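final_18.txt follows; it contains compact mmCIF, C-alpha atoms (C1' of nucleotides).
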```
# COMPACT_ATOMS: atom_id res chain seq x y z
CA MET A 9 16.37 -21.73 57.64
CA LYS A 10 14.98 -20.99 54.24
CA SER A 11 12.72 -23.78 53.17
CA HIS A 12 13.83 -26.37 50.73
CA ARG A 13 11.34 -25.24 48.12
CA ALA A 14 11.83 -21.51 48.52
CA LYS A 15 15.55 -21.72 48.01
CA ARG A 16 15.21 -23.74 44.87
CA ALA A 17 12.53 -21.49 43.45
CA GLU A 18 14.77 -18.53 44.09
CA LEU A 19 17.63 -20.19 42.28
CA ALA A 20 15.36 -20.95 39.35
CA ASP A 21 14.41 -17.30 39.24
CA GLN A 22 17.99 -16.08 39.32
CA LEU A 23 18.95 -18.46 36.59
CA HIS A 24 16.09 -17.28 34.46
CA SER A 25 16.98 -13.66 34.94
CA ALA A 26 20.65 -14.26 34.25
CA ALA A 27 19.90 -16.02 30.98
CA ILE A 28 17.71 -13.15 29.86
CA HIS A 29 20.32 -10.55 30.59
CA LEU A 30 23.07 -12.50 28.93
CA LEU A 31 21.18 -12.93 25.71
CA ARG A 32 20.03 -9.34 25.66
CA GLN A 33 23.65 -8.34 25.81
CA LEU A 34 24.73 -10.66 23.06
CA ARG A 35 21.97 -9.55 20.75
CA LYS A 36 23.69 -6.20 20.51
CA GLU A 37 26.72 -7.89 19.06
CA ASP A 38 24.53 -9.59 16.50
CA ASP A 39 23.18 -6.28 15.34
CA ALA A 40 26.61 -5.44 14.04
CA SER A 41 26.36 -8.22 11.48
CA GLY A 42 23.63 -6.33 9.66
CA LEU A 43 21.48 -9.46 9.69
CA SER A 44 18.23 -9.98 11.52
CA ALA A 45 18.03 -12.76 14.09
CA PRO A 46 16.04 -15.15 11.88
CA ARG A 47 18.41 -14.70 8.96
CA LEU A 48 21.47 -15.02 11.12
CA SER A 49 20.16 -18.17 12.69
CA ALA A 50 19.20 -19.75 9.39
CA LEU A 51 22.53 -18.84 7.85
CA SER A 52 24.26 -20.45 10.78
CA VAL A 53 22.51 -23.73 10.10
CA VAL A 54 23.39 -23.59 6.44
CA VAL A 55 27.03 -22.85 7.15
CA PHE A 56 27.50 -25.52 9.79
CA ALA A 57 25.15 -28.22 8.54
CA GLY A 58 26.33 -28.03 4.97
CA PRO A 59 23.93 -28.08 2.03
CA VAL A 60 20.50 -28.56 3.43
CA THR A 61 17.03 -28.69 1.91
CA LEU A 62 14.57 -25.93 2.55
CA GLY A 63 12.32 -28.26 4.51
CA GLN A 64 15.14 -29.40 6.76
CA LEU A 65 16.06 -25.81 7.35
CA ALA A 66 12.49 -24.91 8.21
CA ARG A 67 12.30 -27.73 10.72
CA ALA A 68 15.65 -26.83 12.21
CA GLU A 69 14.47 -23.28 12.75
CA GLN A 70 11.05 -24.41 13.93
CA VAL A 71 9.30 -22.47 11.25
CA LYS A 72 6.89 -23.41 8.46
CA PRO A 73 8.18 -23.87 4.91
CA PRO A 74 6.61 -20.69 3.47
CA THR A 75 8.37 -18.66 6.13
CA MET A 76 11.67 -20.28 5.34
CA THR A 77 11.13 -19.59 1.65
CA LYS A 78 11.02 -15.89 2.49
CA ILE A 79 14.07 -15.99 4.69
CA VAL A 80 16.11 -17.91 2.17
CA THR A 81 15.02 -15.56 -0.60
CA GLY A 82 16.27 -12.67 1.49
CA LEU A 83 19.60 -14.34 2.16
CA GLU A 84 19.92 -15.17 -1.50
CA LYS A 85 19.34 -11.58 -2.54
CA ASP A 86 22.12 -10.54 -0.19
CA GLY A 87 24.39 -13.12 -1.81
CA LEU A 88 24.87 -15.14 1.36
CA VAL A 89 23.35 -18.43 0.20
CA GLU A 90 22.45 -20.09 -3.09
CA ARG A 91 19.70 -22.43 -4.14
CA LYS A 92 20.91 -25.53 -5.98
CA ALA A 93 18.68 -28.12 -7.62
CA ASP A 94 19.11 -31.60 -6.27
CA SER A 95 20.33 -33.92 -9.01
CA HIS A 96 18.41 -36.94 -7.79
CA ASP A 97 15.13 -35.42 -6.64
CA GLY A 98 13.66 -32.55 -8.58
CA ARG A 99 11.40 -31.50 -5.75
CA LEU A 100 14.23 -30.58 -3.46
CA THR A 101 16.04 -27.27 -3.18
CA ARG A 102 19.44 -27.51 -1.63
CA ILE A 103 20.62 -24.41 0.16
CA VAL A 104 24.33 -23.75 0.34
CA ALA A 105 26.27 -20.87 1.84
CA THR A 106 28.36 -18.69 -0.44
CA ALA A 107 31.90 -17.71 0.52
CA ARG A 108 30.55 -14.35 1.54
CA GLY A 109 27.87 -15.97 3.67
CA GLN A 110 30.47 -18.01 5.48
CA ARG A 111 32.66 -15.02 6.08
CA ILE A 112 29.83 -12.86 7.42
CA LEU A 113 28.65 -15.58 9.76
CA LEU A 114 32.05 -16.40 11.16
CA GLU A 115 32.85 -12.77 11.75
CA GLY A 116 29.59 -12.33 13.58
CA ARG A 117 30.18 -15.40 15.64
CA ALA A 118 33.62 -14.16 16.59
CA ARG A 119 32.15 -10.85 17.62
CA ARG A 120 29.49 -12.57 19.69
CA VAL A 121 31.87 -14.86 21.45
CA ARG A 122 34.46 -12.18 22.01
CA SER A 123 32.59 -10.16 24.57
CA LEU A 124 31.63 -13.19 26.54
CA THR A 125 35.05 -14.73 26.32
CA GLN A 126 36.66 -11.52 27.47
CA ALA A 127 34.49 -11.64 30.54
CA VAL A 128 35.46 -15.25 31.15
CA GLU A 129 39.11 -14.26 30.90
CA GLY A 130 38.61 -12.12 33.95
CA LEU A 131 37.67 -15.03 36.18
CA SER A 132 39.95 -16.63 38.72
CA GLU A 133 40.75 -20.31 38.49
CA THR A 134 38.35 -21.00 41.33
CA GLU A 135 35.53 -19.14 39.68
CA LEU A 136 36.25 -20.89 36.44
CA ALA A 137 35.91 -24.27 38.08
CA GLN A 138 32.68 -23.20 39.74
CA LEU A 139 31.32 -21.94 36.46
CA GLU A 140 32.25 -25.16 34.76
CA ARG A 141 30.40 -27.31 37.28
CA GLY A 142 27.50 -24.90 37.29
CA ILE A 143 27.14 -25.17 33.53
CA LYS A 144 27.00 -28.94 33.76
CA VAL A 145 24.14 -28.71 36.20
CA PHE A 146 22.56 -26.05 34.05
CA GLN A 147 22.64 -28.36 31.06
CA LYS A 148 21.09 -31.17 33.02
CA LEU A 149 18.38 -28.84 34.14
CA ILE A 150 17.56 -27.87 30.61
CA SER A 151 17.15 -31.41 29.41
CA ALA A 152 14.99 -32.10 32.46
CA THR A 153 12.81 -29.11 31.66
CA ARG A 154 12.34 -30.29 28.13
CA ARG A 155 10.69 -33.51 29.24
CA GLN A 156 8.03 -31.82 31.32
CA PRO A 157 5.07 -30.91 29.14
CA SER A 158 3.23 -29.21 32.02
CA GLU A 159 -0.10 -29.56 30.30
CA GLU A 160 -3.04 -28.88 32.53
CA ASN A 161 -5.26 -31.74 31.51
CA ALA A 162 -3.26 -34.36 29.73
CA GLU A 163 -5.52 -36.98 31.27
CA THR A 164 -7.83 -38.74 28.90
CA MET B 16 46.48 -30.30 26.87
CA LYS B 17 43.81 -27.83 26.13
CA SER B 18 45.12 -24.29 26.27
CA HIS B 19 44.07 -21.78 28.87
CA ARG B 20 42.28 -19.66 26.30
CA ALA B 21 40.61 -22.49 24.44
CA LYS B 22 39.05 -23.85 27.56
CA ARG B 23 37.59 -20.53 28.51
CA ALA B 24 36.27 -19.87 25.03
CA GLU B 25 34.65 -23.27 25.10
CA LEU B 26 32.99 -22.51 28.40
CA ALA B 27 31.73 -19.22 27.04
CA ASP B 28 30.25 -21.09 24.13
CA GLN B 29 28.53 -23.67 26.32
CA LEU B 30 27.10 -20.99 28.50
CA HIS B 31 25.80 -19.18 25.48
CA SER B 32 24.17 -22.29 24.12
CA ALA B 33 22.66 -23.23 27.46
CA ALA B 34 21.07 -19.82 27.87
CA ILE B 35 19.54 -20.06 24.42
CA HIS B 36 18.06 -23.46 25.07
CA LEU B 37 16.69 -22.49 28.43
CA LEU B 38 14.85 -19.49 27.09
CA ARG B 39 13.58 -21.37 24.08
CA GLN B 40 12.08 -23.87 26.46
CA LEU B 41 10.44 -21.27 28.63
CA ARG B 42 8.94 -19.52 25.66
CA LYS B 43 6.73 -22.52 25.19
CA GLU B 44 5.21 -21.89 28.59
CA ASP B 45 4.54 -18.33 27.55
CA ASP B 46 2.66 -19.55 24.51
CA ALA B 47 0.06 -21.01 26.83
CA SER B 48 -0.90 -17.49 27.91
CA GLY B 49 -2.22 -16.82 24.43
CA LEU B 50 -0.15 -13.64 24.28
CA SER B 51 2.74 -12.87 21.99
CA ALA B 52 6.10 -12.06 23.53
CA PRO B 53 5.87 -8.30 22.94
CA ARG B 54 2.39 -8.11 24.43
CA LEU B 55 3.28 -10.27 27.38
CA SER B 56 6.34 -8.21 28.11
CA ALA B 57 4.48 -4.92 27.85
CA LEU B 58 1.67 -6.20 30.03
CA SER B 59 4.22 -7.24 32.58
CA VAL B 60 5.53 -3.70 32.82
CA VAL B 61 2.04 -2.29 33.15
CA VAL B 62 1.12 -4.75 35.87
CA PHE B 63 4.25 -4.33 37.93
CA ALA B 64 5.07 -0.69 37.29
CA GLY B 65 1.55 0.53 37.84
CA PRO B 66 -0.06 3.09 35.56
CA VAL B 67 2.54 4.23 33.04
CA THR B 68 2.40 6.57 30.10
CA LEU B 69 2.70 5.19 26.62
CA GLY B 70 6.06 6.83 26.16
CA GLN B 71 7.46 5.32 29.35
CA LEU B 72 6.21 1.97 28.25
CA ALA B 73 7.82 2.36 24.84
CA ARG B 74 11.15 3.24 26.44
CA ALA B 75 10.92 0.38 28.91
CA GLU B 76 10.36 -2.05 26.05
CA GLN B 77 12.98 -0.35 23.90
CA VAL B 78 10.54 0.31 21.14
CA LYS B 79 9.36 3.47 19.37
CA PRO B 80 6.08 5.11 20.37
CA PRO B 81 4.14 4.13 17.22
CA THR B 82 5.01 0.51 17.86
CA MET B 83 3.82 0.74 21.42
CA THR B 84 0.61 2.35 20.27
CA LYS B 85 -0.11 -0.79 18.26
CA ILE B 86 0.76 -3.14 21.08
CA VAL B 87 -1.34 -1.26 23.60
CA THR B 88 -4.24 -1.12 21.18
CA GLY B 89 -4.05 -4.90 20.86
CA LEU B 90 -3.96 -5.38 24.62
CA GLU B 91 -6.85 -3.00 25.01
CA LYS B 92 -8.96 -4.90 22.50
CA ASP B 93 -8.32 -8.06 24.50
CA GLY B 94 -9.47 -6.25 27.63
CA LEU B 95 -6.12 -6.57 29.40
CA VAL B 96 -5.30 -2.88 29.78
CA GLU B 97 -7.11 0.43 29.60
CA ARG B 98 -6.14 3.90 28.46
CA LYS B 99 -6.88 6.66 30.94
CA ALA B 100 -6.48 10.37 30.32
CA ASP B 101 -4.08 12.12 32.66
CA SER B 102 -5.86 14.79 34.65
CA HIS B 103 -2.90 17.18 34.78
CA ASP B 104 -1.41 16.81 31.33
CA GLY B 105 -3.72 16.34 28.39
CA ARG B 106 -0.97 14.99 26.16
CA LEU B 107 -0.41 11.91 28.27
CA THR B 108 -2.14 8.56 28.06
CA ARG B 109 -1.90 6.48 31.18
CA ILE B 110 -2.02 2.75 30.68
CA VAL B 111 -3.41 0.59 33.48
CA ALA B 112 -3.94 -3.14 33.70
CA THR B 113 -7.47 -4.47 34.08
CA ALA B 114 -8.24 -7.18 36.62
CA ARG B 115 -8.26 -9.66 33.78
CA GLY B 116 -4.88 -8.43 32.59
CA GLN B 117 -3.41 -8.94 36.04
CA ARG B 118 -4.85 -12.40 36.34
CA ILE B 119 -3.58 -13.51 32.94
CA LEU B 120 -0.12 -12.23 33.62
CA LEU B 121 0.22 -13.78 37.05
CA GLU B 122 -1.01 -17.12 35.84
CA GLY B 123 1.54 -17.05 33.05
CA ARG B 124 4.27 -16.16 35.46
CA ALA B 125 3.36 -19.09 37.67
CA ARG B 126 3.40 -21.41 34.69
CA ARG B 127 6.77 -20.15 33.61
CA VAL B 128 8.38 -20.55 36.97
CA ARG B 129 6.82 -23.91 37.62
CA SER B 130 8.60 -25.89 34.94
CA LEU B 131 11.98 -24.52 35.86
CA THR B 132 11.40 -24.95 39.56
CA GLN B 133 10.28 -28.51 39.04
CA ALA B 134 13.52 -29.21 37.27
CA VAL B 135 15.48 -27.67 40.11
CA GLU B 136 13.58 -29.90 42.53
CA GLY B 137 15.15 -32.88 40.83
CA LEU B 138 18.70 -31.87 41.67
CA SER B 139 20.79 -33.45 44.39
CA GLU B 140 22.14 -31.32 47.21
CA THR B 141 25.57 -31.41 45.62
CA GLU B 142 24.26 -30.28 42.28
CA LEU B 143 22.26 -27.59 43.95
CA ALA B 144 25.35 -26.20 45.61
CA GLN B 145 27.24 -26.31 42.35
CA LEU B 146 24.45 -24.55 40.56
CA GLU B 147 24.32 -21.88 43.21
CA ARG B 148 28.00 -21.10 42.96
CA GLY B 149 27.82 -21.27 39.18
CA ILE B 150 25.03 -18.72 39.08
CA LYS B 151 27.04 -16.33 41.20
CA VAL B 152 29.88 -16.51 38.72
CA PHE B 153 27.40 -16.22 35.89
CA GLN B 154 26.00 -13.02 37.35
CA LYS B 155 29.45 -11.55 37.76
CA LEU B 156 30.14 -12.41 34.17
CA ILE B 157 27.08 -10.60 32.98
CA SER B 158 27.82 -7.43 34.84
CA ALA B 159 31.32 -7.55 33.39
CA THR B 160 29.87 -7.84 29.90
CA ARG B 161 27.41 -5.05 30.32
CA ARG B 162 28.30 -1.69 28.91
CA GLN B 163 25.24 0.50 28.88
CA PRO B 164 22.74 0.03 31.68
CA SER B 165 19.59 0.56 29.65
CA GLU B 166 16.29 1.00 31.41
CA GLU B 167 15.47 -2.19 33.25
CA ASN B 168 12.54 -4.19 32.11
CA ALA B 169 10.71 -6.28 34.66
CA GLU B 170 10.89 -9.57 32.79
CA THR B 171 8.55 -12.06 34.27
C1' DA C 22 -0.59 37.61 26.68
C1' DT C 23 0.68 35.68 22.92
C1' DA C 24 3.74 33.60 19.73
C1' DA C 25 7.16 30.16 19.13
C1' DT C 26 8.74 25.81 20.52
C1' DA C 27 8.73 21.34 22.61
C1' DT C 28 6.42 17.13 23.88
C1' DC C 29 3.12 13.37 23.43
C1' DG C 30 0.46 10.10 21.13
C1' DT C 31 -1.61 8.82 16.83
C1' DT C 32 -1.97 8.01 11.88
C1' DA C 33 -0.18 6.58 7.47
C1' DG C 34 2.68 3.79 5.06
C1' DC C 35 6.64 0.83 4.54
C1' DC C 36 9.13 -3.76 5.55
C1' DA C 37 10.28 -8.43 7.71
C1' DG C 38 8.72 -12.53 9.36
C1' DG C 39 5.12 -15.48 11.20
C1' DC C 40 0.87 -18.33 9.67
C1' DT C 41 -2.75 -21.24 6.54
C1' DA C 42 -4.61 -22.64 2.16
C1' DA C 43 -3.99 -23.87 -2.32
C1' DC C 44 -1.16 -25.25 -6.19
C1' DG C 45 2.28 -27.20 -9.61
C1' DA C 46 5.95 -30.14 -10.04
C1' DT C 47 7.94 -34.25 -8.93
C1' DC C 48 8.62 -38.69 -7.01
C1' DT C 49 6.87 -43.35 -5.44
C1' DC C 50 4.22 -47.11 -5.29
C1' DG C 51 0.35 -50.09 -6.52
C1' DC D 22 0.42 -45.89 -16.11
C1' DG D 23 -2.26 -43.69 -12.56
C1' DA D 24 -3.08 -42.35 -7.67
C1' DG D 25 -1.30 -40.44 -3.96
C1' DA D 26 2.47 -38.40 -1.23
C1' DT D 27 6.02 -34.92 -0.78
C1' DC D 28 8.31 -30.55 -1.64
C1' DG D 29 8.69 -25.80 -2.42
C1' DT D 30 6.30 -21.73 -3.89
C1' DT D 31 2.56 -18.38 -4.23
C1' DA D 32 -1.19 -15.72 -2.37
C1' DG D 33 -3.09 -13.47 1.28
C1' DC D 34 -3.51 -12.38 6.06
C1' DC D 35 -1.65 -10.79 10.71
C1' DT D 36 1.72 -8.80 14.11
C1' DG D 37 5.29 -5.94 15.22
C1' DG D 38 9.23 -3.16 13.93
C1' DC D 39 10.46 1.53 11.69
C1' DT D 40 10.15 6.81 9.91
C1' DA D 41 7.62 10.88 8.66
C1' DA D 42 4.07 13.86 9.44
C1' DC D 43 0.40 15.76 12.22
C1' DG D 44 -2.89 17.56 15.86
C1' DA D 45 -3.37 18.54 20.46
C1' DT D 46 -1.46 20.14 24.44
C1' DA D 47 2.27 22.34 27.53
C1' DT D 48 6.00 25.31 28.14
C1' DT D 49 8.93 29.02 27.29
C1' DA D 50 10.32 33.42 25.43
C1' DT D 51 9.21 37.82 24.04
```
Could you show the structure in this file as structure tokens?
Amino acid sequence: MKSHRAKRAELADQLHSAAIHLLRQLRKEDDASGLSAPRLSALSVVVFAGPVTLGQLARAEQVKPPTMTKIVTGLEKDGLVERKADSHDGRLTRIVATARGQRILLEGRARRVRSLTQAVEGLSETELAQLERGIKVFQKLISATRRQPSEENAET
Amino acid sequence: MKSHRAKRAELADQLHSAAIHLLRQLRKEDDASGLSAPRLSALSVVVFAGPVTLGQLARAEQVKPPTMTKIVTGLEKDGLVERKADSHDGRLTRIVATARGQRILLEGRARRVRSLTQAVEGLSETELAQLERGIKVFQKLISATRRQPSEENAET
DNA sequence: ATAATATCGTTAGCCAGGCTAACGATCTCG
DNA sequence: CGAGATCGTTAGCCTGGCTAACGATATTAT
């Protein structure tokens, strides 16, 4: 029998590979939006998290403020977001999505989800149930991974 | 009750999100290698696919030749790969990994797999079985989504 | 055999998107 | 009010994408 460890390592590997292939596929859908990945992602936060300051946006996207300044400037030039002064704090810049920004994002999202959803439509009820349980485990796995720093010499 | 379609779309969405979070997590492990994603990926091809020409490498990474020239030059400066002239065709540049390049890559691979495998170790037998079946469905899903079978890249 | 063509990698030059350092404007608190 | 903190921008650098153009080499046609 395959050892306990080997089987689990193999599963980890398959999962890893599957995630890579899935996202590679979906990226092609994103290309159709005409927006780069960083812009698309930032726009998504603005659309769904409402008006947001530049700093919040930078943190959400795990990027430094100067980088986010560039991205927002690009989105603004394309008419997808607007900068609004905050009435109570003059240091803040509130970023809001324009109607066009919302439309573009939602269309892209629909495109992205469509191909995956179509594939899901092709599953049997049994497979669907298996997928559902698998995703739950998957999610647990991810939160478990997050808590493992895996630093070589964290000892002090 | 939730409609047939809605439930499947929701699952597609969760799967999408889970894949994103997993890869985001693993990228942090890659950072420890000191190599950027494009360099790491290119090095991986060189290590596992043996000596390759620059053009092959560019195609494998889905990048144009001038871009690959830059990446290879960077790897070469770090002493991870070497350019060798082809004895039969003077136009070709063969790229080979140095011992150091191999070592760096394999260490990174081990790091990457470790965190995920550790997480898998924490699963119960039941969860493990669920994950296993889920992954099978997941893989079927991906092949259903795929349209054009571009050149495979040996992702580590 | 040589001329035309095709292929390969590089160079030059552009752009987006990362970063740090430094700064001006603004707010907050002593 | 003044000192310090916070926020966003600017400046300047790097990597990694691209296209266009080119030189060197192979290949093919004449």
Practice problem: Excluding Glu115 in chain A and residues on its chain fewer than 5 positions from it, collect all residues at most 9 Å away from it, counting only C-alpha atoms (C1' of nucleotides), and give them as an MDAnalysis selection string. | Solution: chainID A and resid 41 110 120
Leaving out Glu147 in chain B and any residue of its chain fewer than 2 positions from it, which residues lie within 12 Å of it when counting all atoms listed in the file, given as a PDB file with C-alpha atoms, in the coordinates of the input?
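Everything below was put into out_0.pdb:
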```pdb
ATOM      1  CA  LYS A  15      15.550 -21.720  48.010  1.00  0.00           C
ATOM      2  CA  ARG A  16      15.210 -23.740  44.870  1.00  0.00           C
ATOM      3  CA  ALA A  17      12.530 -21.490  43.450  1.00  0.00           C
ATOM      4  CA  GLU A  18      14.770 -18.530  44.090  1.00  0.00           C
ATOM      5  CA  LEU A  19      17.630 -20.190  42.280  1.00  0.00           C
ATOM      6  CA  ALA A  20      15.360 -20.950  39.350  1.00  0.00           C
ATOM      7  CA  ASP A  21      14.410 -17.300  39.240  1.00  0.00           C
ATOM      8  CA  GLN A  22      17.990 -16.080  39.320  1.00  0.00           C
ATOM      9  CA  LEU A  23      18.950 -18.460  36.590  1.00  0.00           C
ATOM     10  CA  GLN A 138      32.680 -23.200  39.740  1.00  0.00           C
ATOM     11  CA  LEU A 139      31.320 -21.940  36.460  1.00  0.00           C
ATOM     12  CA  ARG A 141      30.400 -27.310  37.280  1.00  0.00           C
ATOM     13  CA  GLY A 142      27.500 -24.900  37.290  1.00  0.00           C
ATOM     14  CA  ILE A 143      27.140 -25.170  33.530  1.00  0.00           C
ATOM     15  CA  VAL A 145      24.140 -28.710  36.200  1.00  0.00           C
ATOM     16  CA  PHE A 146      22.560 -26.050  34.050  1.00  0.00           C
TER      17      PHE A 146
ATOM     18  CA  VAL B 135      15.480 -27.670  40.110  1.00  0.00           C
ATOM     19  CA  LEU B 138      18.700 -31.870  41.670  1.00  0.00           C
ATOM     20  CA  GLU B 140      22.140 -31.320  47.210  1.00  0.00           C
ATOM     21  CA  THR B 141      25.570 -31.410  45.620  1.00  0.00           C
ATOM     22  CA  GLU B 142      24.260 -30.280  42.280  1.00  0.00           C
ATOM     23  CA  LEU B 143      22.260 -27.590  43.950  1.00  0.00           C
ATOM     24  CA  ALA B 144      25.350 -26.200  45.610  1.00  0.00           C
ATOM     25  CA  GLN B 145      27.240 -26.310  42.350  1.00  0.00           C
ATOM     26  CA  GLY B 149      27.820 -21.270  39.180  1.00  0.00           C
ATOM     27  CA  ILE B 150      25.030 -18.720  39.080  1.00  0.00           C
ATOM     28  CA  LYS B 151      27.040 -16.330  41.200  1.00  0.00           C
ATOM     29  CA  VAL B 152      29.880 -16.510  38.720  1.00  0.00           C
ATOM     30  CA  PHE B 153      27.400 -16.220  35.890  1.00  0.00           C
ATOM     31  CA  GLN B 154      26.000 -13.020  37.350  1.00  0.00           C
TER      32      GLN B 154
END
```
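Every chain C residue lying within 10 Å of chain B, based on only C-alpha atoms (C1' of nucleotides), is listed here: C:DT28, C:DC29, C:DG30, C:DT31, C:DT32.
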Residues within 12 Å of DA27 in chain C, all atoms listed in the file, excluding chain neighbours under 2 positions, as an mmCIF file with C-alpha atoms (C1' of nucleotides), in the frame of the given file:
```cif
data_model
loop_
_atom_site.group_PDB
_atom_site.id
_atom_site.type_symbol
_atom_site.label_atom_id
_atom_site.label_comp_id
_atom_site.auth_asym_id
_atom_site.auth_seq_id
_atom_site.Cartn_x
_atom_site.Cartn_y
_atom_site.Cartn_z
ATOM 1 C "C1'" DA C 25 7.160 30.160 19.130
ATOM 2 C "C1'" DC C 29 3.120 13.370 23.430
ATOM 3 C "C1'" DT D 46 -1.460 20.140 24.440
ATOM 4 C "C1'" DA D 47 2.270 22.340 27.530
ATOM 5 C "C1'" DT D 48 6.000 25.310 28.140
ATOM 6 C "C1'" DT D 49 8.930 29.020 27.290
#
```
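The space separating CA of Val61 in chain B from C1' of DA42 in chain D comes to 28.8 Å.
With CA of Pro46 in chain A on one side and CA of Pro53 in chain B on the other, the separation reads 16.5 Å.
Proximity to chain B at a cut-off of 10 Å picks out DT36, DG37, DG38, DC39, DT40, DA45, DT46 and DA47 of chain D on chain D, counting only C-alpha atoms (C1' of nucleotides).
You can rank A:His96, A:Leu124, A:Gly116, A:Ser132 by their closest distance to chain B using only C-alpha atoms, and at the top of that list sits A:Leu124.
Taking CA of Ser158 in chain B and CA of Lys36 in chain A as endpoints, the distance between them is 15.0 Å.
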Exercise. Pick out the residues sitting within 8 Å of Leu51 in chain A, and hand them over as a ChimeraX atom specification; count all atoms listed in the file, and ignore anything fewer than 5 positions along from it in its own chain.
Key: /A:83,88-89,105,109,113
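Each of B:Leu37, B:Leu121, B:Ala52, B:Val62 was checked against chain A using all atoms listed in the file; the smallest atom-to-atom distance is that of B:Leu37.
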Self-check item: Residue among A:Ser52, A:Gly42, A:Arg32, A:Ala14 lying closest to Arg117 in chain A, counting all atoms listed in the file
Solution: A:Ser52
Quiz item: Which of these residues is nearest to DA24 in chain D, using all atoms listed in the file: C:DG34, C:DG45, C:DG51, C:DG39?
Solution: C:DG51
Quiz item: For chain B, which of A:Arg111, A:Glu37, A:Gly58, A:Ala27 is the closest residue, counting all atoms listed in the file?
Solution: A:Ala27
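Of the listed residues (A:Ser95, A:Gln70, A:Ser49, A:Thr125), A:Thr125 comes nearest to chain B; the distances count all atoms listed in the file.
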